Amino acid sequence: MDILASFELASIGSALFAIGLGLFVGMLCGALPGLGLIIAVTLLLPLSYTMGPVESILLLLACYQGAEYGGSISAIVLGIPGTAMAAPLVTDGFAMAKTESPGKALGFSLYGSTFGGIFGGIVLIFFAEPVARFALKLADPEFFLLGVVGLLAVAAFGAVDFIKAMISVALGLLCGMVGIDLFSGVPRMTMGVLALYDGMNIAAVAVGLFAFSEIFVMISAPMNSSHTFTKGDMRIRLTLKEMVYAFKAMVTGSVVGSFIGALPGVGSTVSGYLAYSGAKAASSKPEKFGKGSGEGIAAPDAANNATVGAALLPFLALGIPGSASIAIIAGAFIIHGIQPGPQLMRNNPDMIQAIFIGFMATTVVMFFMGKALTTVFARALVTPNAFLVPAILISSIIGVYSSRGQMFDLWLALGLGIITYVMRRLDYSPAGFLIAMVLAPIIETSFRRALVISQGDYSIFITRGYSQAIAAIILATLAYAIFRSVRRLRQQRAATSES
Amino acid sequence: MITRRTLGKTAFAGIALAMTGTSARAQDFPTKPIRLIVPFAPGGLTDTFARAMARAAENHLPDNQSVVVINKPGAGGVIGVTEAYSAEPDGYTIAFVISSPIVTQPHYGKSVYKASDFQPIRHVYDIPCAITVHTDAEWQNVDEWIAWMKANPGKFTYGSSSGPGGVTHLLAAKFFEAAGVDARYVPFQGSAPLNAAIMGGQVSGGSMMPTQHSGGEARPMVFVTPTKPDDPIYDDVPFASDLGIDAMASVFSGIIGHKDIPADRIAILNDAFTAAMSDPAVQELFATRKLVPSTTDNAEFAKIIMRENEFNGEMLKRLGLID
């Protein structure tokens with residue numbers, strides 16, 4: 001047991017403290033709409049400088065895990081995802097919390113998160129090097145096709161009005177193009193506003209789309225009403241049967257999350273949406289999705305947390321930080337004089353082992369902390385809106401402003417909130433808008449760069465082995481969708497002709 | 001009518017006026033925390049150094065005043081530098097920058113400031129930049145490589161860590177132009193995706209700070225800056241000037257402030273940050289990042305800024321990126 005030997009008793013205590021603190025700050029910032037992962041990590045960064053290297057890294061990783069889970073809490077109890085990452089489960093989570101049992105909805109979320117966290121951890125520990133190597137082989141043509149797969153996932157959201165869902169996607173793609181064009185250096189649709197040069201701030205968009213629009217819904221209803229639940233419904237518990245039922249969704253979510261997480265620059269918002277549509281396709285009860293399906297909660301949450309372990313893998317194995325949050329954690333490595341990369345695994349195996357053990361411990365601690373703390377959060381559901389609305393507003397405004405320190409972002413969030421409030425009443429799809437906006441830069445950059453590399457030869461998208469595989473998946477999905485709708489149409493016709 | 005409010009204002013102005021006689025004296029600065037703006041997101045090289053320098057400088061400022069790091073990322077650093085430019089030039093708002101938002105971006109005419117609107121406070125280090133290729137690339141030395149590129153015009157593709165028109169792009173473009181070879185530029189943003197692309201074989205090379213000393217799988221062929229990372233692994237890699245190719249410029253990193261900050265305050269800040277550079281924590285950071293601490297004084301730093309400003313403007317015009 002030389003793995004355990006690398007952990008002394010004293011260091012176990014301080015490591016557990018770091019994990020607990022990181023999880024708490026992460027969950028809190030994740031659950032408060034507007035505040036998010038980046039703010040949580042930035043808050044803890046100065047503190048991490050005073051800790052030992054292992055503790056400081058575990059602190060930040062625990063914060064990452066906590067924020068991925070925390071965002072789901074508010075998505076379920078308020079209908080407002082605390083972070084963009086939690087947006088995919090808002091429909092099902094909120095529906096189940098209101099109509100069935102908030103405890104059960106939070107249970108699906110917590111069990112899904114824990115499962116995904118452990119799955120991502122296992123992938124990280126055992127397959128870091130091969131998976132990171134494989135991810136490197138995927139190049140722009142594949143990223144482009146993956147982006148298209150992501151857009152297809154929107155179809156799974158069971159839009160009330162298909163045309164309006166497509167319009168939402170188109171608007172999202174358009175907004176995703178705002179900012180400096182990487183290829184020409186020309187600012188697009190920025191109207192001279194410097195704050196738009198890097199594109200629309202995702203924190204502001206998420207708050208506008210979900211928090212502000214939901215607040216407008218809340219204040220147009222009686223402000224003193226609140227839901228009432230029995231005590232048992234508030235407790236976070238899943239029966240064995242429910243766990244078995246959600247198992248398939250958790251596995252789907254974890255696999256999707258681990259794969260997407262290992263790709264640099266894609267992120268957990270995309271993986272959550274893909275996991276949702278994947279779980280719906282694999283489910284035996286797809287009709288429940290969108291109306292409070294436990295699978296629809298567990299799958300994206302498993303994906304979010306599996307992304308954490310997977311996102312670490314190109315960083316630890318190859319020294320490439322794949323996302324903004326991993327880049328901040330990279331800073332903590334460097335401040336302690338540790339250079340991440342292949343050498344780290346070779347030169348500091350003790351430290352890597354300690355990080356791996358700590359990472360697994362994080363998911364376990366998260367489960368118990370989640371059980372204890374989430375009941376407190378769930379009380380938000382029984383709190384009258386007159387108290388909730390100001391609290392959500394304050395948290396959202398602080399979060400949006402502190403994410404980049406730009407006043408403009410607040411106006412953007414407010415504007416989007418008003419537009420979304422109207423559009424939601426007209427059955428447009430905020431989810432379609434968000435995923436399109438997140439995917440637009442990935443799709444555009446990879447499409448154009450692939451063509452720059454191939455010198456304008458379009459065959460680059462179908463001549464590479466990996467892209468052929470992805471293109472085949474796209475075609476199969478489309479064919480299956482057409483087959484299904486044709487069959488449904490026939491059944492309908494048969495039914496009407498009989499009657 | 002004198003309201004209580006205007007009375008208060010007048011009284012305040014009076015006190016302020018009475019104080020100007022003494023406030024110009026050096027020992028009255030700083031009387032409150034100094035804001036050190038980092039125009040990039042937390043966690044990067046610039047941010048890491050800024051935070052270490054800020055903490056170390058606090059021990060060397062009069063009254064141990066604190067230095068607060070404020071991240072203002074966006075628009076390639078222009079947003080943060082604009083903030084340092086628009087702040088009151090009293091020495092309480094300064095910025096830890098790299099060269100590009102100061103000497104590259106203003107040429108596009110999108111910033112409200114010019115390079116000459118700032119004055120140097122402390123040069124900290126130069127960022128070494130090399131043209132790197134995959135570790136397993138067929139070229140063993142720079143001569144083989146240049147000969148190959150001459151024989152295969154347009155076959156060598158490269159990206160740059162700073163994006164098109166950024167300083168690492170300009171340095172590489174100047175090198176290829178001076179070497180008389182035709183290499184093809186592929187836009188990337190940031191060294192992480194560029195590194196991944198080189199390791200995955202998407203592009204043949206990249207212009208960036210090499211990471212071979214930390215196990216990175218990109219091998220530098222030639223340095224296009226006058227500095228190298230402080231590691232023996234790079235001893236055999238030549239500078240462009242060693243090849244008789246005149247294509248070198250420095251990518252500076254340091255602390256600057258508005259040009260109207262009084263000279264005595266600049267001197268206090270310069271003393272504190274100069275002392276901070278020999279702080280053990282900062283020294284350790286230099287050692288792990290393999291960077292060479294600068295010994296350049298402010299007169300020389302000012303010259304470097306203006307020289308790089310001129311070089312960038314010229315190159316951007318030649319590449320057709322600006323008129």
# chains A, B, ... in the order shown; residues from 1 in each chain; ligands from 1
call {"tool": "residues_around", "arguments": {"residues": "Cys63 in chain A", "least_positions_apart": "2", "cutoff": "10 Å", "atoms": "only C-alpha atoms", "output": "PyMOL selection string"}}
result
chain A and resi 18-30+37-38+40-41+44+57-61+65-70+362
call {"tool": "interface_residues", "arguments": {"of": "chain B", "to": "chain A", "cutoff": "9 Å", "atoms": "only C-alpha atoms", "output": "ChimeraX atom specification"}}
result
/B:41-45,47-49,51-52,71-76,78-79,110-111,157,163-165,184-189,191-193,195-197,199-203,214-217,284-285,287-289,321
call {"tool": "atom_distance", "arguments": {"atom1": "CA of Val251 in chain B", "atom2": "CA of Asp231 in chain B"}}
result
18.6 Å
call {"tool": "residues_around", "arguments": {"residues": "Gly313 in chain B", "least_positions_apart": "5", "cutoff": "12 Å", "atoms": "only C-alpha atoms", "output": "PDB file with C-alpha atoms, in the first residue's frame"}}
result
ATOM      1  CA  SER B 100       0.917  43.553 -27.119  1.00  0.00           C
ATOM      2  CA  ILE B 102       0.726  48.655 -25.455  1.00  0.00           C
ATOM      3  CA  VAL B 103       2.656  48.420 -28.699  1.00  0.00           C
ATOM      4  CA  THR B 104       0.496  46.282 -31.032  1.00  0.00           C
ATOM      5  CA  GLN B 105      -3.192  46.948 -30.403  1.00  0.00           C
ATOM      6  CA  PRO B 106      -3.053  50.770 -30.619  1.00  0.00           C
ATOM      7  CA  HIS B 107      -1.932  50.470 -34.253  1.00  0.00           C
ATOM      8  CA  TYR B 108      -5.366  49.101 -35.128  1.00  0.00           C
ATOM      9  CA  GLY B 109      -6.824  52.429 -34.018  1.00  0.00           C
ATOM     10  CA  LYS B 114      -1.141  55.243 -27.621  1.00  0.00           C
ATOM     11  CA  ALA B 115       2.113  53.677 -26.442  1.00  0.00           C
ATOM     12  CA  GLY B 165      -1.435  40.371 -35.923  1.00  0.00           C
ATOM     13  CA  GLY B 166      -0.194  39.595 -32.421  1.00  0.00           C
ATOM     14  CA  VAL B 167       3.424  40.103 -31.546  1.00  0.00           C
ATOM     15  CA  LEU B 170       4.750  39.470 -36.377  1.00  0.00           C
ATOM     16  CA  MET B 306       9.079  52.965 -28.333  1.00  0.00           C
ATOM     17  CA  ARG B 307      11.322  50.726 -30.473  1.00  0.00           C
ATOM     18  CA  GLU B 308       8.851  47.816 -30.314  1.00  0.00           C
ATOM     19  CA  ARG B 318       3.856  45.262 -44.433  1.00  0.00           C
ATOM     20  CA  LEU B 319       1.556  42.275 -43.729  1.00  0.00           C
ATOM     21  CA  GLY B 320      -1.383  44.359 -44.928  1.00  0.00           C
ATOM     22  CA  LEU B 321      -3.174  44.109 -41.561  1.00  0.00           C
ATOM     23  CA  ILE B 322      -3.432  47.902 -41.233  1.00  0.00           C
ATOM     24  CA  ASP B 323      -3.360  50.752 -43.761  1.00  0.00           C
TER      25      ASP B 323
END
call {"tool": "atom_distance", "arguments": {"atom1": "CA of Ser56 in chain A", "atom2": "CA of Asp279 in chain B"}}
result
21.9 Å
call {"tool": "atom_distance", "arguments": {"atom1": "CA of Ile266 in chain B", "atom2": "CA of Lys32 in chain B"}}
result
15.5 Å
call {"tool": "select_by_dssp", "arguments": {"residues": "range 3-190 of chain B", "states": "strand (DSSP E or B)", "output": "JSON, numbers by chain"}}
result
{"B": [34, 35, 36, 37, 38, 67, 68, 69, 70, 71, 93, 94, 95, 96, 97, 98, 118, 119, 120, 121, 122, 123, 124, 125, 126, 127, 130, 131, 132, 133, 134, 157, 158, 159, 160, 184, 185]}
call {"tool": "write_last_selection", "arguments": {"atoms": "N, CA and C atoms", "output": "mmCIF file, in the first residue's frame"}}
result
data_model
loop_
_atom_site.group_PDB
_atom_site.id
_atom_site.type_symbol
_atom_site.label_atom_id
_atom_site.label_comp_id
_atom_site.auth_asym_id
_atom_site.auth_seq_id
_atom_site.Cartn_x
_atom_site.Cartn_y
_atom_site.Cartn_z
ATOM 1 N N ILE B 34 -2.475 50.386 -3.529
ATOM 2 C CA ILE B 34 -2.218 50.613 -4.948
ATOM 3 C C ILE B 34 -2.909 49.531 -5.752
ATOM 4 N N ARG B 35 -3.612 49.947 -6.798
ATOM 5 C CA ARG B 35 -4.296 48.979 -7.667
ATOM 6 C C ARG B 35 -3.379 48.595 -8.807
ATOM 7 N N LEU B 36 -3.026 47.317 -8.867
ATOM 8 C CA LEU B 36 -2.202 46.832 -9.964
ATOM 9 C C LEU B 36 -3.104 46.061 -10.917
ATOM 10 N N ILE B 37 -3.397 46.669 -12.060
ATOM 11 C CA ILE B 37 -4.315 46.049 -13.008
ATOM 12 C C ILE B 37 -3.571 45.020 -13.855
ATOM 13 N N VAL B 38 -4.138 43.807 -13.927
ATOM 14 C CA VAL B 38 -3.621 42.794 -14.840
ATOM 15 C C VAL B 38 -4.666 42.647 -15.947
ATOM 16 N N VAL B 67 -0.680 46.222 -2.178
ATOM 17 C CA VAL B 67 -0.838 46.291 -3.629
ATOM 18 C C VAL B 67 -1.893 45.261 -4.007
ATOM 19 N N VAL B 68 -2.994 45.734 -4.568
ATOM 20 C CA VAL B 68 -4.112 44.852 -4.876
ATOM 21 C C VAL B 68 -4.113 44.535 -6.369
ATOM 22 N N VAL B 69 -4.081 43.243 -6.687
ATOM 23 C CA VAL B 69 -4.121 42.844 -8.096
ATOM 24 C C VAL B 69 -5.574 42.807 -8.557
ATOM 25 N N ILE B 70 -5.867 43.466 -9.673
ATOM 26 C CA ILE B 70 -7.217 43.476 -10.219
ATOM 27 C C ILE B 70 -7.164 42.944 -11.643
ATOM 28 N N ASN B 71 -7.847 41.837 -11.880
ATOM 29 C CA ASN B 71 -7.873 41.266 -13.232
ATOM 30 C C ASN B 71 -8.951 41.954 -14.047
ATOM 31 N N THR B 93 -3.114 53.793 -9.525
ATOM 32 C CA THR B 93 -3.580 52.800 -10.480
ATOM 33 C C THR B 93 -2.486 52.587 -11.524
ATOM 34 N N ILE B 94 -1.903 51.405 -11.513
ATOM 35 C CA ILE B 94 -0.854 51.079 -12.479
ATOM 36 C C ILE B 94 -1.171 49.715 -13.082
ATOM 37 N N ALA B 95 -0.419 49.291 -14.072
ATOM 38 C CA ALA B 95 -0.763 48.036 -14.738
ATOM 39 C C ALA B 95 0.467 47.170 -14.958
ATOM 40 N N PHE B 96 0.244 45.848 -14.823
ATOM 41 C CA PHE B 96 1.276 44.865 -15.152
ATOM 42 C C PHE B 96 0.928 44.338 -16.538
ATOM 43 N N VAL B 97 1.735 44.667 -17.517
ATOM 44 C CA VAL B 97 1.345 44.376 -18.897
ATOM 45 C C VAL B 97 2.389 43.525 -19.615
ATOM 46 N N ILE B 98 1.980 43.013 -20.771
ATOM 47 C CA ILE B 98 2.946 42.494 -21.727
ATOM 48 C C ILE B 98 2.909 43.452 -22.917
ATOM 49 N N PHE B 118 2.047 56.250 -21.880
ATOM 50 C CA PHE B 118 2.455 55.565 -20.654
ATOM 51 C C PHE B 118 3.927 55.806 -20.358
ATOM 52 N N GLN B 119 4.294 55.604 -19.099
ATOM 53 C CA GLN B 119 5.701 55.637 -18.752
ATOM 54 C C GLN B 119 6.047 54.363 -17.983
ATOM 55 N N PRO B 120 7.291 53.907 -18.105
ATOM 56 C CA PRO B 120 7.666 52.662 -17.452
ATOM 57 C C PRO B 120 7.816 52.833 -15.945
ATOM 58 N N ILE B 121 7.463 51.790 -15.185
ATOM 59 C CA ILE B 121 7.677 51.771 -13.736
ATOM 60 C C ILE B 121 8.720 50.706 -13.385
ATOM 61 N N ARG B 122 8.601 49.527 -13.990
ATOM 62 C CA ARG B 122 9.618 48.498 -13.749
ATOM 63 C C ARG B 122 9.535 47.442 -14.856
ATOM 64 N N HIS B 123 10.648 47.225 -15.528
ATOM 65 C CA HIS B 123 10.730 46.132 -16.492
ATOM 66 C C HIS B 123 10.971 44.864 -15.698
ATOM 67 N N VAL B 124 10.171 43.803 -15.919
ATOM 68 C CA VAL B 124 10.299 42.612 -15.084
ATOM 69 C C VAL B 124 11.029 41.487 -15.817
ATOM 70 N N TYR B 125 10.591 41.186 -17.035
ATOM 71 C CA TYR B 125 11.291 40.165 -17.826
ATOM 72 C C TYR B 125 10.901 40.322 -19.282
ATOM 73 N N ASP B 126 11.661 39.682 -20.155
ATOM 74 C CA ASP B 126 11.270 39.569 -21.552
ATOM 75 C C ASP B 126 10.750 38.163 -21.765
ATOM 76 N N ILE B 127 9.680 38.038 -22.551
ATOM 77 C CA ILE B 127 9.154 36.710 -22.834
ATOM 78 C C ILE B 127 9.914 36.153 -24.035
ATOM 79 N N ALA B 130 10.195 31.539 -29.638
ATOM 80 C CA ALA B 130 10.923 30.750 -30.631
ATOM 81 C C ALA B 130 9.940 30.197 -31.637
ATOM 82 N N ILE B 131 10.459 29.838 -32.800
ATOM 83 C CA ILE B 131 9.634 29.087 -33.738
ATOM 84 C C ILE B 131 9.890 27.614 -33.445
ATOM 85 N N THR B 132 8.821 26.915 -33.038
ATOM 86 C CA THR B 132 8.978 25.536 -32.588
ATOM 87 C C THR B 132 8.341 24.573 -33.586
ATOM 88 N N VAL B 133 8.837 23.339 -33.564
ATOM 89 C CA VAL B 133 8.251 22.282 -34.392
ATOM 90 C C VAL B 133 8.022 21.073 -33.493
ATOM 91 N N HIS B 134 7.351 20.056 -33.995
ATOM 92 C CA HIS B 134 7.112 18.837 -33.225
ATOM 93 C C HIS B 134 8.455 18.176 -32.891
ATOM 94 N N THR B 157 3.410 25.077 -42.292
ATOM 95 C CA THR B 157 2.301 25.843 -41.717
ATOM 96 C C THR B 157 2.619 26.135 -40.256
ATOM 97 N N TYR B 158 2.263 27.321 -39.803
ATOM 98 C CA TYR B 158 2.542 27.663 -38.407
ATOM 99 C C TYR B 158 1.454 28.545 -37.822
ATOM 100 N N GLY B 159 1.313 28.427 -36.511
ATOM 101 C CA GLY B 159 0.396 29.300 -35.790
ATOM 102 C C GLY B 159 1.189 30.180 -34.851
ATOM 103 N N SER B 160 0.514 31.082 -34.148
ATOM 104 C CA SER B 160 1.222 31.908 -33.173
ATOM 105 C C SER B 160 0.366 31.991 -31.928
ATOM 106 N N ARG B 184 3.246 29.245 -44.381
ATOM 107 C CA ARG B 184 1.830 29.601 -44.386
ATOM 108 C C ARG B 184 1.297 29.754 -42.965
ATOM 109 N N TYR B 185 0.621 30.873 -42.708
ATOM 110 C CA TYR B 185 0.122 31.171 -41.362
ATOM 111 C C TYR B 185 -1.283 30.612 -41.156
#
call {"tool": "select_by_dssp", "arguments": {"residues": "range 70-297 of chain A", "states": "helix (DSSP H, G or I)", "output": "short mmCIF file (atom, residue, chain, number, x, y, z; two decimals) with C-alpha atoms, in the first residue's frame"}}
result
data_model
loop_
_atom_site.label_atom_id
_atom_site.label_comp_id
_atom_site.auth_asym_id
_atom_site.auth_seq_id
_atom_site.Cartn_x
_atom_site.Cartn_y
_atom_site.Cartn_z
CA GLY A 70 -24.11 23.48 -7.02
CA GLY A 71 -25.47 24.95 -10.24
CA SER A 72 -27.99 22.13 -10.37
CA ILE A 73 -29.39 22.88 -6.93
CA SER A 74 -30.80 26.24 -7.96
CA ALA A 75 -31.84 24.84 -11.35
CA ILE A 76 -34.03 22.36 -9.48
CA VAL A 77 -35.38 24.44 -6.61
CA LEU A 78 -35.72 27.80 -8.39
CA ALA A 84 -24.55 27.85 -17.55
CA MET A 85 -23.33 24.29 -16.99
CA ALA A 86 -26.53 23.40 -15.15
CA ALA A 87 -28.85 24.81 -17.83
CA PRO A 88 -29.56 21.40 -19.45
CA LEU A 89 -31.36 20.01 -16.42
CA VAL A 90 -33.51 23.02 -15.58
CA THR A 91 -36.67 21.83 -17.38
CA ASP A 92 -36.83 18.38 -15.87
CA GLY A 93 -35.41 19.36 -12.49
CA PHE A 94 -37.82 22.22 -11.87
CA ALA A 95 -40.78 20.22 -13.21
CA MET A 96 -40.09 17.29 -10.88
CA ALA A 97 -39.45 19.55 -7.89
CA LYS A 98 -42.78 21.34 -8.36
CA THR A 99 -45.03 18.46 -9.30
CA PRO A 102 -38.00 18.34 -4.60
CA GLY A 103 -36.05 15.84 -2.51
CA LYS A 104 -36.25 13.26 -5.23
CA ALA A 105 -35.19 15.72 -7.94
CA LEU A 106 -32.22 16.80 -5.85
CA GLY A 107 -31.50 13.14 -5.19
CA PHE A 108 -31.27 12.33 -8.90
CA SER A 109 -28.98 15.32 -9.27
CA LEU A 110 -26.70 14.41 -6.34
CA TYR A 111 -26.49 10.70 -7.20
CA GLY A 112 -25.84 11.62 -10.85
CA SER A 113 -23.13 14.12 -9.89
CA THR A 114 -21.41 11.66 -7.56
CA PHE A 115 -21.54 8.88 -10.12
CA GLY A 116 -20.17 11.19 -12.81
CA GLY A 117 -17.45 12.50 -10.50
CA ILE A 118 -16.26 8.98 -9.67
CA PHE A 119 -16.45 7.91 -13.31
CA GLY A 120 -14.41 10.94 -14.41
CA GLY A 121 -11.92 10.24 -11.63
CA ILE A 122 -11.46 6.63 -12.77
CA VAL A 123 -10.91 7.75 -16.35
CA LEU A 124 -8.38 10.28 -15.10
CA ILE A 125 -6.47 7.80 -12.95
CA PHE A 126 -6.32 4.86 -15.30
CA PHE A 127 -6.58 6.24 -18.81
CA ALA A 128 -5.04 9.72 -18.60
CA GLU A 129 -2.25 9.21 -21.11
CA PRO A 130 -4.10 7.20 -23.83
CA VAL A 131 -7.24 9.35 -23.71
CA ALA A 132 -5.20 12.56 -23.86
CA ARG A 133 -3.25 11.20 -26.85
CA PHE A 134 -6.47 10.22 -28.57
CA ALA A 135 -7.98 13.67 -27.95
CA LEU A 136 -4.94 15.24 -29.63
CA LYS A 137 -5.62 13.29 -32.81
CA ASP A 140 -10.52 20.92 -36.66
CA PRO A 141 -12.60 18.84 -39.11
CA GLU A 142 -13.76 16.64 -36.22
CA PHE A 143 -14.45 19.60 -33.95
CA PHE A 144 -16.62 21.08 -36.67
CA LEU A 145 -18.63 17.89 -37.02
CA LEU A 146 -18.91 17.51 -33.23
CA GLY A 147 -20.30 21.03 -33.12
CA VAL A 148 -22.95 20.01 -35.63
CA VAL A 149 -23.80 16.97 -33.46
CA GLY A 150 -24.24 19.42 -30.58
CA LEU A 151 -26.72 21.45 -32.59
CA LEU A 152 -28.68 18.31 -33.43
CA ALA A 153 -28.98 17.72 -29.68
CA VAL A 154 -31.33 20.69 -29.54
CA ALA A 155 -33.93 18.54 -31.31
CA ALA A 156 -34.13 16.42 -28.13
CA PHE A 157 -35.59 19.27 -26.13
CA PHE A 162 -40.13 23.39 -34.12
CA ILE A 163 -39.81 26.47 -36.34
CA LYS A 164 -39.45 28.73 -33.30
CA ALA A 165 -36.82 26.40 -31.83
CA MET A 166 -34.86 26.70 -35.08
CA ILE A 167 -35.18 30.49 -34.98
CA SER A 168 -33.80 30.40 -31.42
CA VAL A 169 -30.85 28.34 -32.65
CA ALA A 170 -30.22 30.77 -35.51
CA LEU A 171 -30.26 33.72 -33.10
CA GLY A 172 -27.88 31.86 -30.81
CA LEU A 173 -25.47 31.19 -33.66
CA LEU A 174 -25.62 34.85 -34.62
CA CYS A 175 -24.90 36.02 -31.07
CA GLY A 176 -22.08 33.51 -30.84
CA LEU A 194 -14.89 47.02 -26.13
CA ALA A 195 -16.67 44.66 -23.72
CA LEU A 196 -18.01 42.75 -26.72
CA ILE A 202 -21.44 33.79 -20.94
CA ALA A 203 -22.19 34.62 -17.29
CA ALA A 204 -24.26 37.63 -18.39
CA VAL A 205 -26.07 35.58 -21.04
CA ALA A 206 -26.91 32.77 -18.61
CA VAL A 207 -28.22 35.22 -16.02
CA GLY A 208 -30.28 37.13 -18.59
CA LEU A 209 -31.65 34.01 -20.22
CA PHE A 210 -32.53 32.09 -17.08
CA ALA A 211 -32.34 34.18 -13.90
CA PHE A 212 -33.77 37.52 -15.05
CA SER A 213 -36.45 36.02 -17.25
CA GLU A 214 -37.51 33.70 -14.41
CA ILE A 215 -37.62 36.67 -12.04
CA PHE A 216 -39.98 38.45 -14.43
CA VAL A 217 -42.17 35.35 -14.41
CA MET A 218 -42.08 35.30 -10.60
CA ILE A 219 -43.03 38.95 -10.19
CA LYS A 231 -41.19 16.87 5.25
CA GLY A 232 -40.49 13.54 3.57
CA ASP A 233 -40.56 15.15 0.13
CA MET A 234 -37.79 17.52 1.15
CA LEU A 240 -32.96 1.35 -5.05
CA LYS A 241 -35.51 1.07 -7.85
CA GLU A 242 -35.03 4.71 -8.78
CA MET A 243 -31.27 4.30 -8.74
CA VAL A 244 -31.47 1.32 -11.08
CA TYR A 245 -33.85 3.30 -13.29
CA ALA A 246 -31.41 6.21 -13.55
CA PHE A 247 -28.32 4.02 -13.89
CA LYS A 248 -28.36 3.94 -17.69
CA ALA A 249 -28.72 7.72 -17.86
CA MET A 250 -25.84 8.18 -15.43
CA VAL A 251 -23.57 5.94 -17.49
CA THR A 252 -24.55 7.73 -20.71
CA GLY A 253 -23.93 11.09 -19.07
CA SER A 254 -20.58 10.02 -17.63
CA VAL A 255 -19.30 8.64 -20.93
CA VAL A 256 -20.36 11.77 -22.82
CA GLY A 257 -18.93 14.02 -20.10
CA SER A 258 -15.58 12.23 -20.01
CA PHE A 259 -15.23 12.36 -23.77
CA ILE A 260 -16.19 16.01 -24.18
CA GLY A 261 -14.19 17.02 -21.11
CA ALA A 262 -10.99 15.61 -22.58
CA SER A 268 -19.36 21.24 -19.67
CA THR A 269 -22.32 23.21 -21.03
CA VAL A 270 -22.02 21.31 -24.29
CA SER A 271 -21.47 17.97 -22.56
CA GLY A 272 -24.57 18.46 -20.41
CA TYR A 273 -26.80 19.06 -23.43
CA LEU A 274 -25.30 16.15 -25.36
CA ALA A 275 -25.77 13.87 -22.33
CA TYR A 276 -29.40 14.94 -22.05
CA SER A 277 -30.17 14.09 -25.66
CA GLY A 278 -28.12 10.89 -25.44
CA ALA A 279 -30.02 9.77 -22.34
CA LYS A 280 -33.33 10.56 -24.01
CA ALA A 281 -32.43 8.48 -27.03
CA ALA A 282 -31.40 5.56 -24.83
CA PRO A 286 -38.40 9.22 -23.55
CA GLU A 287 -41.88 10.76 -23.31
CA LYS A 288 -41.17 11.75 -19.68
CA GLY A 294 -35.25 11.57 -13.29
CA GLU A 295 -33.03 10.48 -16.14
CA GLY A 296 -33.16 13.98 -17.59
CA ILE A 297 -31.68 15.25 -14.31
#
call {"tool": "residues_around", "arguments": {"residues": "His258 in chain B", "least_positions_apart": "3", "cutoff": "6 Å", "atoms": "only C-alpha atoms", "output": "count of residues only"}}
result
4
call {"tool": "closest_residue", "arguments": {"among": "B:Asn152, B:Phe29, B:Gln212, B:Ala249", "to": "Ile233 in chain B", "atoms": "only C-alpha atoms"}}
result
B:Gln212
call {"tool": "closest_residue", "arguments": {"among": "A:Leu316, A:Val422, A:Ile462, A:Ala391", "to": "Gln353 in chain A", "atoms": "only C-alpha atoms"}}
result
A:Leu316
